[in-house]
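**Q** Got a structure for you, final10.cif, holding mmCIF, C-alpha atoms.
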data_coords
#
loop_
_atom_site.label_atom_id
_atom_site.label_comp_id
_atom_site.auth_asym_id
_atom_site.auth_seq_id
_atom_site.Cartn_x
_atom_site.Cartn_y
_atom_site.Cartn_z
CA MET J 17 29.79 -11.56 -15.28
CA ILE J 18 28.04 -8.18 -15.22
CA ILE J 19 27.06 -6.61 -11.89
CA ALA J 20 24.86 -3.50 -11.83
CA VAL J 21 24.75 -1.28 -8.73
CA ASP J 22 22.14 1.50 -8.71
CA GLY J 23 20.86 3.94 -6.10
CA PRO J 24 20.49 7.61 -5.13
CA ALA J 25 23.31 10.02 -4.23
CA ALA J 26 25.48 9.12 -1.21
CA SER J 27 23.79 5.75 -0.68
CA GLY J 28 27.21 4.10 -0.66
CA LYS J 29 26.87 2.50 -4.08
CA SER J 30 30.23 3.71 -5.40
CA THR J 31 32.10 2.43 -2.35
CA LEU J 32 30.34 -0.92 -2.64
CA ALA J 33 30.92 -1.25 -6.38
CA ARG J 34 34.61 -0.41 -6.04
CA ARG J 35 35.16 -3.00 -3.31
CA LEU J 36 33.31 -5.68 -5.26
CA ALA J 37 35.35 -4.94 -8.35
CA GLU J 38 38.59 -5.15 -6.37
CA ALA J 39 37.59 -8.45 -4.75
CA LEU J 40 36.53 -10.02 -8.05
CA GLY J 41 39.27 -8.54 -10.23
CA PHE J 42 36.62 -6.80 -12.35
CA LEU J 43 36.54 -3.38 -13.99
CA TYR J 44 35.03 -0.71 -11.72
CA PHE J 45 33.05 1.83 -13.72
CA ASP J 46 31.17 4.70 -12.07
CA THR J 47 28.95 5.95 -14.88
CA GLY J 48 27.96 9.08 -12.95
CA VAL J 49 31.36 10.61 -13.68
CA MET J 50 30.37 10.90 -17.35
CA TYR J 51 27.42 13.18 -16.57
CA ARG J 52 29.60 15.14 -14.19
CA ALA J 53 32.17 15.61 -16.95
CA VAL J 54 29.48 16.94 -19.28
CA THR J 55 28.42 19.33 -16.50
CA VAL J 56 31.99 20.57 -16.08
CA ALA J 57 32.22 21.22 -19.81
CA ALA J 58 28.91 23.11 -19.85
CA LEU J 59 29.85 25.24 -16.83
CA ARG J 60 33.23 26.06 -18.33
CA GLN J 61 31.57 27.24 -21.50
CA SER J 62 29.04 29.29 -19.49
CA VAL J 63 26.17 27.42 -21.10
CA ASP J 64 22.74 27.70 -19.48
CA ILE J 65 22.30 24.35 -17.72
CA ASN J 66 18.56 24.58 -18.44
CA ASP J 67 19.21 24.79 -22.21
CA ASP J 68 18.72 21.19 -23.33
CA GLY J 69 19.97 21.78 -26.86
CA ALA J 70 23.14 23.59 -25.86
CA VAL J 71 24.11 21.06 -23.19
CA SER J 72 23.33 18.13 -25.49
CA ALA J 73 25.46 19.64 -28.24
CA ILE J 74 28.39 19.74 -25.82
CA ALA J 75 27.82 16.12 -24.80
CA ARG J 76 27.99 15.01 -28.43
CA THR J 77 31.27 16.77 -29.15
CA ILE J 78 33.47 16.27 -26.07
CA ASP J 79 35.68 13.25 -25.44
CA ILE J 80 35.31 11.64 -22.00
CA ASP J 81 37.60 8.89 -20.83
CA VAL J 82 37.79 6.99 -17.54
CA ARG J 83 41.04 5.22 -16.67
CA PRO J 84 42.67 3.49 -13.69
CA PRO J 85 44.09 5.99 -11.16
CA SER J 86 47.47 7.46 -12.16
CA ILE J 87 48.00 9.52 -8.98
CA GLY J 88 47.96 8.30 -5.39
CA ASP J 89 45.85 11.16 -4.01
CA GLY J 90 42.86 9.11 -2.96
CA ARG J 91 41.17 9.04 -6.35
CA GLN J 92 39.43 5.90 -7.54
CA TYR J 93 40.04 6.54 -11.24
CA ASP J 94 41.18 9.25 -13.64
CA VAL J 95 38.45 11.22 -15.41
CA LEU J 96 39.66 12.98 -18.54
CA LEU J 97 37.81 15.67 -20.46
CA ASP J 98 39.34 16.12 -23.91
CA GLY J 99 42.57 14.79 -22.43
CA GLU J 100 42.57 17.03 -19.32
CA ASP J 101 42.43 15.51 -15.84
CA ILE J 102 39.23 16.75 -14.14
CA THR J 103 38.97 13.97 -11.55
CA TRP J 104 38.47 16.29 -8.58
CA GLU J 105 36.72 19.10 -10.44
CA ILE J 106 33.73 16.83 -11.10
CA ARG J 107 33.17 16.66 -7.32
CA SER J 108 32.80 20.42 -6.85
CA ALA J 109 29.70 21.96 -5.29
CA ALA J 110 28.80 23.61 -8.62
CA VAL J 111 28.75 20.23 -10.35
CA ASP J 112 26.76 18.68 -7.48
CA THR J 113 24.14 21.39 -7.93
CA ASN J 114 23.76 21.01 -11.70
CA VAL J 115 24.49 17.41 -12.65
CA SER J 116 20.97 16.12 -12.04
CA GLN J 117 19.53 18.60 -14.54
CA VAL J 118 22.17 17.70 -17.11
CA SER J 119 21.38 14.01 -16.69
CA THR J 120 17.69 14.54 -17.52
CA TYR J 121 18.36 15.42 -21.18
CA ALA J 122 17.58 12.59 -23.58
CA ASP J 123 20.42 13.34 -26.01
CA VAL J 124 22.95 13.56 -23.19
CA ARG J 125 21.80 10.26 -21.72
CA GLN J 126 21.84 8.57 -25.11
CA ALA J 127 25.38 9.73 -25.84
CA MET J 128 26.59 8.53 -22.44
CA THR J 129 24.56 5.31 -22.42
CA ASP J 130 26.01 4.15 -25.74
CA VAL J 131 29.55 4.31 -24.35
CA GLN J 132 28.57 2.77 -21.01
CA ARG J 133 26.87 -0.19 -22.69
CA GLN J 134 29.84 -0.86 -24.96
CA ILE J 135 32.12 -1.05 -21.94
CA GLY J 136 29.71 -3.14 -19.89
CA LEU J 137 29.12 -5.79 -22.53
CA ARG J 138 32.81 -6.70 -22.43
CA GLY J 139 31.92 -8.46 -19.18
CA ASP J 140 33.65 -8.82 -15.82
CA VAL J 141 32.49 -5.36 -14.79
CA VAL J 142 30.84 -3.75 -11.79
CA MET J 143 28.98 -0.75 -13.14
CA VAL J 144 27.46 1.82 -10.82
CA GLY J 145 24.90 4.52 -11.60
CA ARG J 146 21.19 5.28 -11.48
CA ASP J 147 19.85 3.38 -14.48
CA ILE J 148 22.29 0.51 -15.04
CA GLY J 149 19.90 -2.30 -14.18
CA THR J 150 16.92 -0.67 -15.88
CA VAL J 151 18.41 0.87 -19.04
CA VAL J 152 22.15 0.47 -19.64
CA LEU J 153 22.59 -3.23 -18.85
CA PRO J 154 19.19 -4.84 -18.22
CA GLU J 155 20.83 -8.22 -18.87
CA ALA J 156 23.18 -7.87 -15.88
CA ASP J 157 23.72 -11.11 -13.96
CA LEU J 158 23.19 -9.37 -10.61
CA LYS J 159 21.34 -6.11 -9.99
CA LEU J 160 21.75 -4.38 -6.64
CA TYR J 161 19.82 -1.28 -5.57
CA LEU J 162 21.45 0.44 -2.62
CA ASP J 163 19.41 2.99 -0.66
CA ALA J 164 19.42 4.88 2.66
CA SER J 165 17.38 7.61 4.30
CA VAL J 166 17.93 11.06 2.83
CA GLU J 167 19.13 12.32 6.23
CA ALA J 168 21.80 9.62 6.45
CA ARG J 169 22.92 10.30 2.91
CA ALA J 170 23.12 14.05 3.49
CA MET J 171 25.27 13.49 6.58
CA ARG J 172 27.64 11.29 4.60
CA ARG J 173 28.04 13.96 1.93
CA TYR J 174 28.54 16.62 4.62
CA GLN J 175 31.31 14.55 6.21
CA GLU J 176 32.97 14.17 2.81
CA CYS J 177 32.98 17.96 2.42
CA VAL J 178 34.51 18.39 5.88
CA GLU J 179 37.27 15.92 5.02
CA ARG J 180 38.04 17.93 1.88
CA SER J 181 38.03 21.18 3.91
CA GLU J 182 35.06 22.48 1.92
CA THR J 183 32.64 24.87 3.65
CA MET J 184 29.16 23.42 3.33
CA ASP J 185 26.14 23.50 5.65
CA TYR J 186 24.40 20.21 6.45
CA GLU J 187 20.93 21.72 6.01
CA ASP J 188 21.89 23.04 2.57
CA ILE J 189 23.18 19.62 1.57
CA LEU J 190 19.99 17.99 2.85
CA ALA J 191 17.81 20.38 0.84
CA TRP J 192 19.92 19.85 -2.26
CA MET J 193 19.76 16.07 -1.87
CA LYS J 194 15.96 16.08 -1.52
CA GLU J 195 15.70 18.15 -4.70
CA ARG J 196 18.11 15.85 -6.52
CA ASP J 197 16.10 12.82 -5.47
CA ARG J 198 12.97 14.51 -6.82
CA ILE J 199 14.60 15.28 -10.16
CA ASP J 200 16.19 11.87 -10.53
CA SER J 201 13.05 9.92 -9.67
CA THR J 202 10.59 11.96 -11.77
CA ARG J 203 12.55 12.58 -14.97
CA LEU J 204 10.91 11.19 -18.10
CA ILE J 205 14.11 9.57 -19.38
CA ALA J 206 15.42 6.65 -17.29
CA PRO J 207 14.07 7.72 -13.90
CA LEU J 208 15.82 6.52 -10.77
CA ARG J 209 14.12 3.31 -9.63
CA PRO J 210 15.14 -0.25 -8.86
CA ALA J 211 14.85 -2.80 -11.65
CA GLU J 212 12.05 -5.32 -11.13
CA ASP J 213 14.60 -8.08 -10.46
CA ALA J 214 16.99 -5.96 -8.39
CA ILE J 215 17.90 -6.89 -4.82
CA LEU J 216 17.39 -3.96 -2.46
CA LEU J 217 19.97 -3.20 0.24
CA ASP J 218 19.20 -0.50 2.83
CA SER J 219 22.43 1.02 4.18
CA THR J 220 20.84 3.54 6.58
CA ASP J 221 21.96 1.67 9.68
CA LEU J 222 24.82 -0.32 8.16
CA ASP J 223 28.46 0.59 7.72
CA ALA J 224 30.33 0.03 4.46
CA GLU J 225 31.77 -3.30 5.64
CA GLN J 226 28.34 -4.74 6.47
CA VAL J 227 26.92 -3.69 3.09
CA TYR J 228 29.93 -5.17 1.31
CA GLU J 229 29.60 -8.50 3.11
CA GLN J 230 25.92 -8.75 2.16
CA ALA J 231 26.63 -7.94 -1.49
CA LEU J 232 29.63 -10.28 -1.75
CA SER J 233 27.50 -13.12 -0.38
CA LEU J 234 24.94 -12.46 -3.12
CA VAL J 235 27.67 -12.59 -5.76
CA GLN J 236 29.04 -15.84 -4.39
CA ASP J 237 25.55 -17.37 -4.54
CA LEU J 238 25.32 -16.82 -8.30
#
Just dump the structure as structure tokens.

**A**
Amino acid sequence: MIIAVDGPAASGKSTLARRLAEALGFLYFDTGVMYRAVTVAALRQSVDINDDGAVSAIARTIDIDVRPPSIGDGRQYDVLLDGEDITWEIRSAAVDTNVSQVSTYADVRQAMTDVQRQIGLRGDVVMVGRDIGTVVLPEADLKLYLDASVEARAMRRYQECVERSETMDYEDILAWMKERDRIDSTRLIAPLRPAEDAILLDSTDLDAEQVYEQALSLVQDL
């Protein structure tokens, strides 16, 4: 079985996908970490994030691997960049600010999509991202599109920053999230949108447990 979970930032899709994978004994694969890893590599090399060619060249040459968690520090997986653990670095504010731009580049998306599709077609996977149901795995057995109001999503991200002792202003996060939504939904390559046969779940007024119960019921009905 292949389950695709798509949606905008902080909609709760990663939490949902991870819980479904655990319940079903499936592989949990958050494809967004791949674009974040490319962003880390570009920032480290002081490449202009707006330089499509330079960023794409990096994406074609680096080695990105995602593995089960090796450290009990709250991580959901290990993310390796050329063998180096960057699991927490990909969640930095700098990466948050730049990853949407990186993900708009056709060559970057193609390089990442090829790997994602290879993994997904092995089956028994819950894959989460922004274009899984529409581009990466259009043949998925179940496509879920998880959404929430931008204000609710910004508050969730703000609370995550507080828990990590990071200094961030809610209004700044809200502005960033609105801009990210604009970029993700208007890009020419694989824009953020639900697949025609996706089931929409609105998590604005639901907690993680309620969303999970709805999604698990849909899986059990297959």

**Q** Just need the box for segment 30-49 of chain J, edges along x, y and z, holding every atom the file lists for it with 4 Å tacked onto each side, so centre and edge lengths in Å to one decimal, as JSON.

**A**
{"center_x": 33.6, "center_y": 0.3, "center_z": -8.6, "size_x": 19.3, "size_y": 28.6, "size_z": 20.5}

**Q** As an NGL selection string, please: the residues near Arg209 of chain J (cut-off 10 Å, all atoms listed in the file, same-chain neighbours under 5 positions excluded).

**A** :J and (22-24 or 146-147 or 149-150 or 161 or 200-202 or 214)

**Q** Given the selection you just returned, output its residues as a file containing C-alpha atoms, formatted as a PDB file, keeping the file's coordinate frame.

**A**
ATOM      1  CA  ASP J  22      22.140   1.500  -8.710  1.00  0.00           C
ATOM      2  CA  GLY J  23      20.860   3.940  -6.100  1.00  0.00           C
ATOM      3  CA  PRO J  24      20.490   7.610  -5.130  1.00  0.00           C
ATOM      4  CA  ARG J 146      21.190   5.280 -11.480  1.00  0.00           C
ATOM      5  CA  ASP J 147      19.850   3.380 -14.480  1.00  0.00           C
ATOM      6  CA  GLY J 149      19.900  -2.300 -14.180  1.00  0.00           C
ATOM      7  CA  THR J 150      16.920  -0.670 -15.880  1.00  0.00           C
ATOM      8  CA  TYR J 161      19.820  -1.280  -5.570  1.00  0.00           C
ATOM      9  CA  ASP J 200      16.190  11.870 -10.530  1.00  0.00           C
ATOM     10  CA  SER J 201      13.050   9.920  -9.670  1.00  0.00           C
ATOM     11  CA  THR J 202      10.590  11.960 -11.770  1.00  0.00           C
ATOM     12  CA  ALA J 214      16.990  -5.960  -8.390  1.00  0.00           C
TER      13      ALA J 214
END

**Q** Just how far from atom CA of Ile102 of chain J is atom CA of Leu40 of chain J, in Å to one decimal?

**A**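 Here the two named atoms are 27.6 Å from each other.
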
**Q** Looking at J:Ile65, J:Val118, J:Ile78, J:Leu216, which one is nearest to Ala164 of chain J, with distances taken over all atoms listed in the file?

**A** J:Leu216

**Q** Might you spell out which residues the PyMOL selection byres ((chain J and resi 169) around 10) would select in the displayed file, as a CSV table (one decimal) with C-alpha atoms, keeping the file's coordinate frame?

**A**
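Dumped to expr_32.csv:
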chain,number,residue,atom,x,y,z
J,24,PRO,CA,20.5,7.6,-5.1
J,25,ALA,CA,23.3,10.0,-4.2
J,26,ALA,CA,25.5,9.1,-1.2
J,27,SER,CA,23.8,5.8,-0.7
J,28,GLY,CA,27.2,4.1,-0.7
J,163,ASP,CA,19.4,3.0,-0.7
J,164,ALA,CA,19.4,4.9,2.7
J,165,SER,CA,17.4,7.6,4.3
J,166,VAL,CA,17.9,11.1,2.8
J,167,GLU,CA,19.1,12.3,6.2
J,168,ALA,CA,21.8,9.6,6.4
J,170,ALA,CA,23.1,14.0,3.5
J,171,MET,CA,25.3,13.5,6.6
J,172,ARG,CA,27.6,11.3,4.6
J,173,ARG,CA,28.0,14.0,1.9
J,174,TYR,CA,28.5,16.6,4.6
J,175,GLN,CA,31.3,14.6,6.2
J,189,ILE,CA,23.2,19.6,1.6
J,190,LEU,CA,20.0,18.0,2.8
J,193,MET,CA,19.8,16.1,-1.9
J,219,SER,CA,22.4,1.0,4.2
J,220,THR,CA,20.8,3.5,6.6

**Q** As a PDB file, keeping the file's coordinate frame, please: segment 177-188 of chain J completed to all heavy atoms.

**A**
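So part_15.pdb came out as:
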ATOM      1  N   CYS J 177      32.590  16.564   2.623  1.00  0.00           N
ATOM      2  CA  CYS J 177      32.980  17.960   2.420  1.00  0.00           C
ATOM      3  C   CYS J 177      33.927  18.422   3.529  1.00  0.00           C
ATOM      4  O   CYS J 177      34.904  19.133   3.264  1.00  0.00           O
ATOM      5  CB  CYS J 177      31.738  18.859   2.395  1.00  0.00           C
ATOM      6  SG  CYS J 177      30.689  18.644   0.941  1.00  0.00           S
ATOM      7  N   VAL J 178      33.644  18.024   4.757  1.00  0.00           N
ATOM      8  CA  VAL J 178      34.510  18.390   5.880  1.00  0.00           C
ATOM      9  C   VAL J 178      35.907  17.815   5.686  1.00  0.00           C
ATOM     10  O   VAL J 178      36.921  18.496   5.906  1.00  0.00           O
ATOM     11  CB  VAL J 178      33.910  17.885   7.212  1.00  0.00           C
ATOM     12  CG1 VAL J 178      34.916  18.071   8.353  1.00  0.00           C
ATOM     13  CG2 VAL J 178      32.617  18.629   7.524  1.00  0.00           C
ATOM     14  N   GLU J 179      35.973  16.564   5.242  1.00  0.00           N
ATOM     15  CA  GLU J 179      37.270  15.920   5.020  1.00  0.00           C
ATOM     16  C   GLU J 179      38.065  16.611   3.920  1.00  0.00           C
ATOM     17  O   GLU J 179      39.295  16.598   3.948  1.00  0.00           O
ATOM     18  CB  GLU J 179      37.054  14.446   4.671  1.00  0.00           C
ATOM     19  CG  GLU J 179      36.528  13.618   5.840  1.00  0.00           C
ATOM     20  CD  GLU J 179      36.138  12.219   5.429  1.00  0.00           C
ATOM     21  OE1 GLU J 179      36.283  11.889   4.228  1.00  0.00           O
ATOM     22  OE2 GLU J 179      35.680  11.444   6.303  1.00  0.00           O
ATOM     23  N   ARG J 180      37.359  17.219   2.964  1.00  0.00           N
ATOM     24  CA  ARG J 180      38.040  17.930   1.880  1.00  0.00           C
ATOM     25  C   ARG J 180      38.211  19.412   2.203  1.00  0.00           C
ATOM     26  O   ARG J 180      38.600  20.193   1.329  1.00  0.00           O
ATOM     27  CB  ARG J 180      37.249  17.781   0.567  1.00  0.00           C
ATOM     28  CG  ARG J 180      37.146  16.351   0.066  1.00  0.00           C
ATOM     29  CD  ARG J 180      36.804  16.332  -1.419  1.00  0.00           C
ATOM     30  NE  ARG J 180      35.537  16.961  -1.713  1.00  0.00           N
ATOM     31  CZ  ARG J 180      34.383  16.298  -1.866  1.00  0.00           C
ATOM     32  NH1 ARG J 180      34.371  14.991  -1.729  1.00  0.00           N
ATOM     33  NH2 ARG J 180      33.271  16.930  -2.130  1.00  0.00           N
ATOM     34  N   SER J 181      37.897  19.790   3.455  1.00  0.00           N
ATOM     35  CA  SER J 181      38.030  21.180   3.910  1.00  0.00           C
ATOM     36  C   SER J 181      37.152  22.133   3.105  1.00  0.00           C
ATOM     37  O   SER J 181      37.497  23.303   2.914  1.00  0.00           O
ATOM     38  CB  SER J 181      39.502  21.635   3.851  1.00  0.00           C
ATOM     39  OG  SER J 181      40.303  20.832   4.695  1.00  0.00           O
ATOM     40  N   GLU J 182      36.003  21.649   2.633  1.00  0.00           N
ATOM     41  CA  GLU J 182      35.060  22.480   1.920  1.00  0.00           C
ATOM     42  C   GLU J 182      34.002  23.000   2.911  1.00  0.00           C
ATOM     43  O   GLU J 182      33.570  22.273   3.803  1.00  0.00           O
ATOM     44  CB  GLU J 182      34.368  21.696   0.800  1.00  0.00           C
ATOM     45  CG  GLU J 182      35.295  21.253  -0.310  1.00  0.00           C
ATOM     46  CD  GLU J 182      34.570  20.490  -1.402  1.00  0.00           C
ATOM     47  OE1 GLU J 182      33.329  20.336  -1.287  1.00  0.00           O
ATOM     48  OE2 GLU J 182      35.221  20.036  -2.348  1.00  0.00           O
ATOM     49  N   THR J 183      33.626  24.263   2.756  1.00  0.00           N
ATOM     50  CA  THR J 183      32.640  24.870   3.650  1.00  0.00           C
ATOM     51  C   THR J 183      31.243  24.642   3.104  1.00  0.00           C
ATOM     52  O   THR J 183      30.823  25.269   2.139  1.00  0.00           O
ATOM     53  CB  THR J 183      32.901  26.380   3.802  1.00  0.00           C
ATOM     54  OG1 THR J 183      34.232  26.584   4.273  1.00  0.00           O
ATOM     55  CG2 THR J 183      31.918  26.985   4.791  1.00  0.00           C
ATOM     56  N   MET J 184      30.524  23.726   3.727  1.00  0.00           N
ATOM     57  CA  MET J 184      29.160  23.420   3.330  1.00  0.00           C
ATOM     58  C   MET J 184      28.310  23.226   4.583  1.00  0.00           C
ATOM     59  O   MET J 184      28.779  22.695   5.587  1.00  0.00           O
ATOM     60  CB  MET J 184      29.103  22.151   2.468  1.00  0.00           C
ATOM     61  CG  MET J 184      29.695  22.303   1.071  1.00  0.00           C
ATOM     62  SD  MET J 184      28.679  23.328  -0.002  1.00  0.00           S
ATOM     63  CE  MET J 184      27.257  22.273  -0.252  1.00  0.00           C
ATOM     64  N   ASP J 185      27.060  23.648   4.529  1.00  0.00           N
ATOM     65  CA  ASP J 185      26.140  23.500   5.650  1.00  0.00           C
ATOM     66  C   ASP J 185      25.310  22.230   5.470  1.00  0.00           C
ATOM     67  O   ASP J 185      24.814  21.956   4.367  1.00  0.00           O
ATOM     68  CB  ASP J 185      25.220  24.729   5.733  1.00  0.00           C
ATOM     69  CG  ASP J 185      24.268  24.643   6.910  1.00  0.00           C
ATOM     70  OD1 ASP J 185      24.728  24.864   8.032  1.00  0.00           O
ATOM     71  OD2 ASP J 185      23.074  24.351   6.680  1.00  0.00           O
ATOM     72  N   TYR J 186      25.151  21.467   6.544  1.00  0.00           N
ATOM     73  CA  TYR J 186      24.400  20.210   6.450  1.00  0.00           C
ATOM     74  C   TYR J 186      22.983  20.443   5.937  1.00  0.00           C
ATOM     75  O   TYR J 186      22.495  19.690   5.085  1.00  0.00           O
ATOM     76  CB  TYR J 186      24.344  19.523   7.817  1.00  0.00           C
ATOM     77  CG  TYR J 186      23.322  18.411   7.868  1.00  0.00           C
ATOM     78  CD1 TYR J 186      23.584  17.165   7.286  1.00  0.00           C
ATOM     79  CD2 TYR J 186      22.080  18.604   8.475  1.00  0.00           C
ATOM     80  CE1 TYR J 186      22.629  16.151   7.317  1.00  0.00           C
ATOM     81  CE2 TYR J 186      21.124  17.591   8.505  1.00  0.00           C
ATOM     82  CZ  TYR J 186      21.412  16.374   7.930  1.00  0.00           C
ATOM     83  OH  TYR J 186      20.465  15.369   7.939  1.00  0.00           O
ATOM     84  N   GLU J 187      22.306  21.463   6.424  1.00  0.00           N
ATOM     85  CA  GLU J 187      20.930  21.720   6.010  1.00  0.00           C
ATOM     86  C   GLU J 187      20.850  22.032   4.517  1.00  0.00           C
ATOM     87  O   GLU J 187      19.890  21.642   3.838  1.00  0.00           O
ATOM     88  CB  GLU J 187      20.317  22.850   6.828  1.00  0.00           C
ATOM     89  CG  GLU J 187      20.120  22.516   8.309  1.00  0.00           C
ATOM     90  CD  GLU J 187      19.167  21.345   8.526  1.00  0.00           C
ATOM     91  OE1 GLU J 187      18.280  21.144   7.673  1.00  0.00           O
ATOM     92  OE2 GLU J 187      19.295  20.648   9.541  1.00  0.00           O
ATOM     93  N   ASP J 188      21.852  22.739   4.015  1.00  0.00           N
ATOM     94  CA  ASP J 188      21.890  23.040   2.570  1.00  0.00           C
ATOM     95  C   ASP J 188      22.071  21.753   1.772  1.00  0.00           C
ATOM     96  O   ASP J 188      21.443  21.568   0.719  1.00  0.00           O
ATOM     97  CB  ASP J 188      23.026  24.020   2.264  1.00  0.00           C
ATOM     98  CG  ASP J 188      22.750  25.409   2.796  1.00  0.00           C
ATOM     99  OD1 ASP J 188      21.574  25.725   3.067  1.00  0.00           O
ATOM    100  OD2 ASP J 188      23.720  26.185   2.951  1.00  0.00           O
TER     101      ASP J 188
END
